[in-house]
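Asks: This is the structure I want to talk about, given as structure tokens.
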Amino acid sequence: MDFLASLHLEELPEQQTRVAHLSKKLSKDSDLKLGFNCCCNCGNKLAEENFVNCPNCNRVSYCSDACRLEDTQPPVDENECSMGHSSIICSILKLCNDDDDAEQGLQATSASLDRLRTELESYPATLANILREAPCYNDFLASVGPEMIIHVIGASEDAELWNGKQGMLEGYTEALVQLAEDFGICDIQLHMIGPGCPDCCIDEDRTMNFEGDGSRNFNLHLVTHKCQYTSDLITTISKPHAVVFFNPGFTCPDYAWEETMNLLDYGSAILCTTNTELEGVSDCNYLLDHKLFPHLPPLAAEIMGVEGYGNLTFFYGKSLRRHSNQTKWHYGK
């Protein structure tokens, strides 16, 4: 069941857009995190001991009870759609506590375990579904041949690799088998590359019969590489047909992507996911600046107010794959 639909919501309501006037205050101090070390309502820095948490979810903090109560009130302007820390937002954040317990192996509800499993399965499902369904990949996949090589760059043990949980290899195999059958691919090499990969290298195969032809098999070969994406690495592994980034944060100052960008070929098939529209547009523009896109996808171009073209894809709205309580934006070429 779609998580948001179960809450009778079409999309996740915005939170804290009513405090847009605080942007100048927050921008002056990069260490201020709204709701964590500064008040979730007024933006004032919180004293080490004198602050108030939301008593229900216990995940956001305020400088006083007055600010906490004000943040729970509906907007005064009837045209304002943002909700502040409403009961819906609070309930969603409270579920995060249950999910944290499930992720840490503590006592957990069956619902939180299901959400955790669904979040893990979103990685292979996103990879397979977008490659298979996005028009911008059709011609490329038709020309791949019997063997396809995919590089997932920036992979980590606690995300794409399921934190060592059982069923990861089967999850990717089951997700990719239909893609392989549709495009005549018999073998997919999936290279997971990143410093966050496990210390102990995974190098395993999984085989599954094609549903339409039980006499033919599909094989997935998954290999992890605990390192950066460097020229030394790519001389030891096969050149990719497709390069995948899950929430890379290209424009985040904490990450360094320059060397990786210089190693990617112009015209390579690229699939990128982000959690928000803003991140999607920023990362799209980053790839454009590095000449890995000839132009922006139409939707991204529309958001930025420039001209776009139709052979790139930027998914949104009902085209999104929703898993657990996460919404992802996808784009590719």
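Going by the structure tokens order, chains are called A, B, ..., each with residues numbered from 1, while ligands are numbered from 1 in the order shown.
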If you run DSSP on the backbone, which residues of region 138-312 of chain A are helix (DSSP H, G or I), as a PyMOL selection string?

Replies: chain A and resi 138-142+162-164+168-182+231-234+258-263+277-289+298-304

Asks: Considering only C-alpha atoms, tabulate each residue of region 71-184 of chain A that lies at most 9 Å from region 250-272 of chain A along with its nearest interatomic pair and the corresponding distance in Å to one decimal; arrange the rows by chain and ascending residue number and present them as a Markdown table.

Replies:
```
| residue | atom | partner | partner_atom | distance |
| --- | --- | --- | --- | --- |
| A:Leu127 | CA | A:Leu271 | CA | 8.1 |
| A:Ile130 | CA | A:Leu271 | CA | 8.2 |
| A:Leu131 | CA | A:Leu271 | CA | 7.9 |
| A:Tyr137 | CA | A:Ala269 | CA | 7.5 |
| A:Phe140 | CA | A:Ala269 | CA | 7.7 |
| A:Ile153 | CA | A:Thr260 | CA | 8.8 |
```

Asks: Quick one: everything within 9 Å of Lys45 (chain A), counting only C-alpha atoms, minus sequence neighbours fewer than 5 positions away in the same chain. Send it as a PyMOL selection string.

Replies: chain A and resi 32+34+37-39+63

Asks: Keeping only N, CA and C atoms, write the selected residues as an mmCIF file, in the first residue's frame.

Replies:
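To be explicit, this is the file written out as part.cif:
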```cif
data_model
loop_
_atom_site.group_PDB
_atom_site.id
_atom_site.type_symbol
_atom_site.label_atom_id
_atom_site.label_comp_id
_atom_site.auth_asym_id
_atom_site.auth_seq_id
_atom_site.Cartn_x
_atom_site.Cartn_y
_atom_site.Cartn_z
ATOM 1 N N LEU A 32 23.325 26.381 12.366
ATOM 2 C CA LEU A 32 21.959 26.354 12.872
ATOM 3 C C LEU A 32 21.114 25.375 12.064
ATOM 4 N N LEU A 34 17.275 24.068 11.899
ATOM 5 C CA LEU A 34 15.926 24.376 12.355
ATOM 6 C C LEU A 34 15.277 23.156 12.999
ATOM 7 N N ASN A 37 18.999 22.559 16.758
ATOM 8 C CA ASN A 37 19.705 23.419 17.707
ATOM 9 C C ASN A 37 19.201 24.856 17.672
ATOM 10 N N CYS A 38 18.165 25.098 16.873
ATOM 11 C CA CYS A 38 17.462 26.376 16.941
ATOM 12 C C CYS A 38 15.964 26.115 16.844
ATOM 13 N N CYS A 39 15.193 27.045 17.374
ATOM 14 C CA CYS A 39 13.750 26.847 17.519
ATOM 15 C C CYS A 39 13.094 26.577 16.171
ATOM 16 N N CYS A 63 12.070 26.925 21.521
ATOM 17 C CA CYS A 63 12.634 27.710 22.611
ATOM 18 C C CYS A 63 11.645 27.874 23.758
#
```

Asks: Between A:Ser122, A:Ser231, A:Ser110, A:Thr224, which one has atoms that come closest to Ala155 (chain A), using only C-alpha atoms?

Replies: A:Thr224
